[in-house]
Amino acid sequence: MLVTLALLLAPAAAPQQPAGEGPSHLGAYLSTVAGLARPVAVAFGPHLERPHALFVATRGAGDSSPPLIQVFGAEADPDRSAPLLGSLGEGWLERPAGLAVSGEGDVFVTDALQRTLWHFPSGGGEPAAAASAPALTTPAGVDVTGSGDGQLVVVADPGAGSVKLFRAGSPSPEPLGEGILVRPRGVCFIDGPAGQTQIAVCDSATHRIHVFQLDGTHVLGFSQLGPHPSLLSGPADLEFADGKLFVADRENHRVQAFHSGASIGELAYRFGVHAIRPGEGAGALHYPAALAVSEDGALLALAEPMDDRVQLFGRAPGAEPVEDPSRAAIGPPAAHFGPDISSSGVYVATVSPESHQIQIHDLRGKEPAKISDVASFGTRFGMYRTPRATWLSSGGQALLAVDEGNSRLTRSALRVRPQEPLNADPELARHLDGVDLGAVTGRPFWPGAVAALAPGTNNELILVTDRATDSVLMLDKDLVPIGTLAGDEETGPIRGVAGLSPATLGVASTILVVDSGGHGARGAPQGRVFEFGPSGAVLRTFGEGILVEPDGVTARENRIWVTDRATDRIERFERQPGGAIEHVGGFGGRGLGPGEFHDPRGILAMDDGRLIVLDHGNHRGQIFDPDHLTLIAGFGGRLYIEPLKSAATWVPLQPKSDRNGDQGR
């Protein structure tokens, strides 16, 4: 079933550039295709009689909008609509990640859950798996060039820490970038010196662009983390066109165009600003995740899955865009929260996507107050490149953090003082030790969530999810690997490992692991949650038929809550006598009001029973009384908190020792 679409039109930022009348640039806003179900990839290519149709891969949002590829008749004219021409892939795709269209109209799409590169032939016909596991680990971006025996297809494989080059007629792909790339996401062919074809790759974990020869020789790498011109933050995709390399600078909410050739890496221009108001568009960007440029260089498309839209940009006079001076007076946009949260005592730790740090908040004030930023950007021990998850214990005195960019688990001591007045402390953390996860496992490791059982004891068990293998690594208190959790023959494997949380079953601790892909039929994504015993045995799974794309999980006593990114809901489960877990309801839906969400991620059940949800897409957190399904408070960006104020009454938390004499978890 196709989603309902609306084309939102606005005047172009500048007149379109007549041919042959001075320099021009690509980046003037044209129009928006809205109402898409989480578009994750875009490409231009021939379709029917149109030489530059727009192909959009959508991730879907449940049974009413399954994953598929939609084709639009995009125009470089802001006064003309982009009609829907058709669709393909429904029933075949589960979690599309990358998209490319050849000059002949062949469509290539990667599927991260199926670990497959699909080929949909031009003119219709049955799709075929052009490549799958073990050749691909977690395929992402894809590009194609040439035709027939000269056709080349390249796939970014973040789980393998490399890109895979497929040559026509070759039985296996050629890996490129091993030992250099960490988390490649976008990839494209570019024109190198003397007509050579080269491959450009963006690495989202190290915030760099790399260029390789077709034989795997590393030509160069450029850029690093930062908000300033030419610096990057979480680059998600790139495209070569107009003699330039266009990069979707995702966490800086913009596009940067770099020169190629002898000046490769030198910034030509940039466009786009961070959307400040909820739903703002017309050239304002919100986590652009994928881009494409038409072959004639007249159109650029940007996919923004968090806003369910694709924005189209065209050409305008001048070598670069003219910045809007009034934008600086609006002020900086609100920070996002998440995607992960943990707590112990009256302290909460969150991952900050903008600063690439761990932030510690104290919950005893009028609202959650940040008291420290843990660590700075870097590769040395005690620094983070791309922190992904945290775990607090011992009343906020102990912190675990996993860093995707350095593939590292770090353990720190926090100098918290719950009996003293709330106060900021820039030197709150003292880093104790850590472990290189790739080194101890002997393979590329893609860390996600982290948690601990029985922290601070001789029986401490530390758990880290690995997105490369969809498993959970178990380490002892000395950070020595002792096993993995990955499903069994009866339940099947985990297919998209996400959140992680301890739970209790009687007097024993169990382990909840979110399976964001579930074990449903192809084309019908179905999430679920695994419950493992501490020995690694699967006790049960639950949530099938309820969860679509679950992400975060938390447990307190017999209650379990799960966030669902696809449905923007929080689902509640309860443990029944005998241990079975049943769904007992939930709340939420897309919106800005109390109890409404946009891409909810981290979730946390506090010791006193309150429930904190990181409403990631809405730049805020919401705190609930789950017994009465009422909102207690919201925190975060002012524009996003305003819709909550009439419903919220803040009740400050107190140290646990003030209530019952017991400190920490």
# chains A, B, ... in the order shown; residues from 1 in each chain; ligands from 1
>>> residues_around(residues="region 249-262 of chain A", least_positions_apart="6", cutoff="8 Å", atoms="only C-alpha atoms", output="PyMOL selection string")
chain A and resi 191-193+227+230+232-237+243+268-275+285-289+353-354
>>> write_last_selection(atoms="C-alpha atoms", output="mmCIF file, in the first residue's frame")
data_model
loop_
_atom_site.group_PDB
_atom_site.id
_atom_site.type_symbol
_atom_site.label_atom_id
_atom_site.label_comp_id
_atom_site.auth_asym_id
_atom_site.auth_seq_id
_atom_site.Cartn_x
_atom_site.Cartn_y
_atom_site.Cartn_z
ATOM 1 C CA ASP A 191 36.698 11.179 -11.919
ATOM 2 C CA GLY A 192 40.342 11.103 -10.901
ATOM 3 C CA PRO A 193 43.434 12.428 -12.682
ATOM 4 C CA PRO A 227 31.136 22.689 12.792
ATOM 5 C CA SER A 230 35.109 22.152 5.437
ATOM 6 C CA LEU A 232 32.301 17.373 9.094
ATOM 7 C CA SER A 233 30.151 15.696 11.723
ATOM 8 C CA GLY A 234 28.797 12.249 10.942
ATOM 9 C CA PRO A 235 28.936 12.475 7.122
ATOM 10 C CA ALA A 236 26.262 10.125 5.812
ATOM 11 C CA ASP A 237 26.479 10.156 2.004
ATOM 12 C CA GLY A 243 33.270 18.451 -10.979
ATOM 13 C CA ALA A 268 34.022 25.070 -2.922
ATOM 14 C CA TYR A 269 30.858 26.087 -1.060
ATOM 15 C CA ARG A 270 28.203 24.851 1.340
ATOM 16 C CA PHE A 271 24.468 25.286 1.669
ATOM 17 C CA GLY A 272 21.689 24.482 4.099
ATOM 18 C CA VAL A 273 21.120 25.523 7.703
ATOM 19 C CA HIS A 274 19.847 23.578 10.698
ATOM 20 C CA ALA A 275 16.061 23.639 10.890
ATOM 21 C CA LEU A 285 17.841 20.831 6.922
ATOM 22 C CA HIS A 286 17.322 18.251 9.645
ATOM 23 C CA TYR A 287 19.785 15.351 9.670
ATOM 24 C CA PRO A 288 20.183 14.916 5.870
ATOM 25 C CA ALA A 289 20.962 11.220 5.489
ATOM 26 C CA PRO A 353 25.287 13.851 19.071
ATOM 27 C CA GLU A 354 26.378 17.459 18.521
#
>>> closest_atom_pairs(of="region 487-511 of chain A", to="region 528-544 of chain A", cutoff="8 Å", atoms="only C-alpha atoms", output="tab-separated table")
residue	atom	partner	partner_atom	distance
A:Gly487	CA	A:Val538	CA	6.4
A:Asp488	CA	A:Val538	CA	7.1
A:Thr491	CA	A:Thr541	CA	7.6
A:Ser509	CA	A:Pro534	CA	6.8
A:Thr510	CA	A:Gly533	CA	4.8
A:Ile511	CA	A:Phe532	CA	5.0
>>> residues_around(residues="Gly141 (chain A)", least_positions_apart="4", cutoff="10 Å", atoms="only C-alpha atoms", output="ChimeraX atom specification")
/A:41,96-100,109-111,154-158,163,184-188,201-202,236-238,290
>>> select_by_dssp(residues="region 91-301 of chain A", states="strand (DSSP E or B)", output="PyMOL selection string")
chain A and resi 96-101+107-111+116-120+128-132+142-145+152-157+162-167+174-176+184-191+197-203+208-213+218-222+225+232+237-241+244-249+254-259+267-271+273-274+284-285+290-293+300-301
>>> write_last_selection(atoms="C-alpha atoms", output="short mmCIF file (atom, residue, chain, number, x, y, z; two decimals), in the first residue's frame")
data_model
loop_
_atom_site.label_atom_id
_atom_site.label_comp_id
_atom_site.auth_asym_id
_atom_site.auth_seq_id
_atom_site.Cartn_x
_atom_site.Cartn_y
_atom_site.Cartn_z
CA PRO A 96 16.78 -0.53 2.58
CA ALA A 97 19.97 1.43 3.20
CA GLY A 98 21.53 2.52 -0.11
CA LEU A 99 20.27 3.13 -3.64
CA ALA A 100 21.81 3.59 -7.10
CA VAL A 101 20.46 3.58 -10.67
CA VAL A 107 18.23 -0.30 -9.83
CA PHE A 108 20.61 -1.47 -7.10
CA VAL A 109 19.50 -1.29 -3.46
CA THR A 110 21.18 -2.56 -0.32
CA ASP A 111 19.20 -4.13 2.50
CA THR A 116 21.94 -8.26 0.54
CA LEU A 117 22.53 -6.14 -2.56
CA TRP A 118 19.39 -6.38 -4.70
CA HIS A 119 19.33 -5.79 -8.46
CA PHE A 120 16.00 -4.73 -10.00
CA ALA A 128 17.90 -10.88 -8.07
CA ALA A 129 20.35 -10.87 -5.18
CA ALA A 130 23.54 -9.50 -6.73
CA ALA A 131 25.44 -10.19 -3.50
CA SER A 132 24.71 -11.31 0.06
CA VAL A 142 25.98 1.90 -3.11
CA ASP A 143 27.00 3.35 -6.48
CA VAL A 144 27.21 2.03 -10.03
CA THR A 145 29.11 3.08 -13.14
CA LEU A 152 31.33 -1.60 -11.60
CA VAL A 153 29.25 -1.58 -8.42
CA VAL A 154 30.68 -0.43 -5.09
CA VAL A 155 29.02 -0.97 -1.69
CA ALA A 156 29.91 0.59 1.66
CA ASP A 157 29.98 -2.09 4.36
CA SER A 162 35.52 -1.52 4.31
CA VAL A 163 33.89 -1.03 0.92
CA LYS A 164 33.30 -3.86 -1.54
CA LEU A 165 33.96 -3.44 -5.27
CA PHE A 166 32.02 -5.76 -7.60
CA ARG A 167 33.24 -6.17 -11.18
CA GLU A 174 37.28 -6.83 -3.76
CA PRO A 175 37.49 -5.20 -0.31
CA LEU A 176 38.97 -1.69 -0.16
CA PRO A 184 31.92 3.79 5.88
CA ARG A 185 28.37 4.88 5.06
CA GLY A 186 28.30 6.66 1.70
CA VAL A 187 30.31 5.75 -1.40
CA CYS A 188 30.55 6.98 -4.99
CA PHE A 189 32.69 6.82 -8.11
CA ILE A 190 34.57 10.00 -9.01
CA ASP A 191 36.70 11.18 -11.92
CA THR A 197 37.95 6.24 -12.07
CA GLN A 198 38.36 6.44 -8.31
CA ILE A 199 36.15 5.73 -5.29
CA ALA A 200 35.24 8.28 -2.61
CA VAL A 201 33.96 7.14 0.79
CA CYS A 202 32.58 9.03 3.78
CA ASP A 203 33.35 7.55 7.21
CA ARG A 208 36.50 11.98 7.22
CA ILE A 209 36.38 11.50 3.45
CA HIS A 210 38.72 8.99 1.81
CA VAL A 211 39.62 8.42 -1.83
CA PHE A 212 40.88 5.09 -3.23
CA GLN A 213 42.09 3.80 -6.57
CA HIS A 218 44.61 4.82 -0.65
CA VAL A 219 44.99 8.18 -2.40
CA LEU A 220 44.15 10.55 0.45
CA GLY A 221 41.83 11.40 3.32
CA PHE A 222 40.60 14.81 4.35
CA LEU A 225 35.12 16.60 13.23
CA LEU A 232 32.30 17.37 9.09
CA ASP A 237 26.48 10.16 2.00
CA LEU A 238 28.28 11.73 -0.93
CA GLU A 239 27.90 12.20 -4.69
CA PHE A 240 30.23 13.29 -7.47
CA ALA A 241 28.78 15.78 -9.95
CA LYS A 244 32.66 18.49 -7.23
CA LEU A 245 32.15 16.09 -4.37
CA PHE A 246 28.89 16.84 -2.54
CA VAL A 247 28.74 15.55 1.05
CA ALA A 248 25.65 15.18 3.24
CA ASP A 249 27.14 16.60 6.45
CA ARG A 254 24.11 20.96 5.70
CA VAL A 255 25.68 19.97 2.38
CA GLN A 256 29.29 20.78 1.58
CA ALA A 257 30.70 20.78 -1.96
CA PHE A 258 34.43 20.04 -2.26
CA HIS A 259 36.64 20.53 -5.30
CA LEU A 267 35.86 23.53 0.03
CA ALA A 268 34.02 25.07 -2.92
CA TYR A 269 30.86 26.09 -1.06
CA ARG A 270 28.20 24.85 1.34
CA PHE A 271 24.47 25.29 1.67
CA VAL A 273 21.12 25.52 7.70
CA HIS A 274 19.85 23.58 10.70
CA ALA A 284 16.51 24.33 6.27
CA LEU A 285 17.84 20.83 6.92
CA ALA A 290 21.37 10.71 1.73
CA LEU A 291 21.82 12.77 -1.42
CA ALA A 292 21.81 12.38 -5.18
CA VAL A 293 22.54 14.62 -8.18
CA LEU A 300 20.14 17.69 -6.15
CA ALA A 301 17.93 15.64 -3.82
#
>>> residues_around(residues="Gly483 (chain A)", least_positions_apart="6", cutoff="8 Å", atoms="only C-alpha atoms", output="number ranges by chain")
A: 473-475, 536
>>> closest_residue(among="A:Arg610, A:Lys370, A:His25, A:Arg638", to="Ala316 (chain A)", atoms="only C-alpha atoms")
A:His25
>>> closest_residue(among="A:Thr563, A:Thr390, A:Ser81, A:Asn459", to="Val613 (chain A)", atoms="only C-alpha atoms")
A:Thr563
>>> atom_distance(atom1="CA of Arg315 (chain A)", atom2="CA of Leu299 (chain A)")
7.3 Å
>>> select_by_dssp(residues="region 532-647 of chain A", states="alpha helix (DSSP H)", output="list in words")
Arg638, Leu639, Tyr640 and Ile641 of chain A
>>> write_last_selection(atoms="N, CA and C atoms", output="short mmCIF file (atom, residue, chain, number, x, y, z; two decimals), in the first residue's frame")
data_model
loop_
_atom_site.label_atom_id
_atom_site.label_comp_id
_atom_site.auth_asym_id
_atom_site.auth_seq_id
_atom_site.Cartn_x
_atom_site.Cartn_y
_atom_site.Cartn_z
N ARG A 638 13.48 24.84 23.67
CA ARG A 638 12.34 25.66 24.10
C ARG A 638 11.13 25.49 23.19
N LEU A 639 11.33 25.55 21.88
CA LEU A 639 10.20 25.45 20.96
C LEU A 639 9.50 24.09 21.06
N TYR A 640 10.24 23.07 21.47
CA TYR A 640 9.67 21.73 21.56
C TYR A 640 9.09 21.44 22.95
N ILE A 641 9.51 22.23 23.95
CA ILE A 641 8.98 22.05 25.29
C ILE A 641 7.67 22.80 25.48
#
>>> residues_around(residues="Ile603 (chain A)", least_positions_apart="5", cutoff="12 Å", atoms="only C-alpha atoms", output="PyMOL selection string")
chain A and resi 337-343+348-350+499-501+550-556+560-565+569-572+610-616+621-624
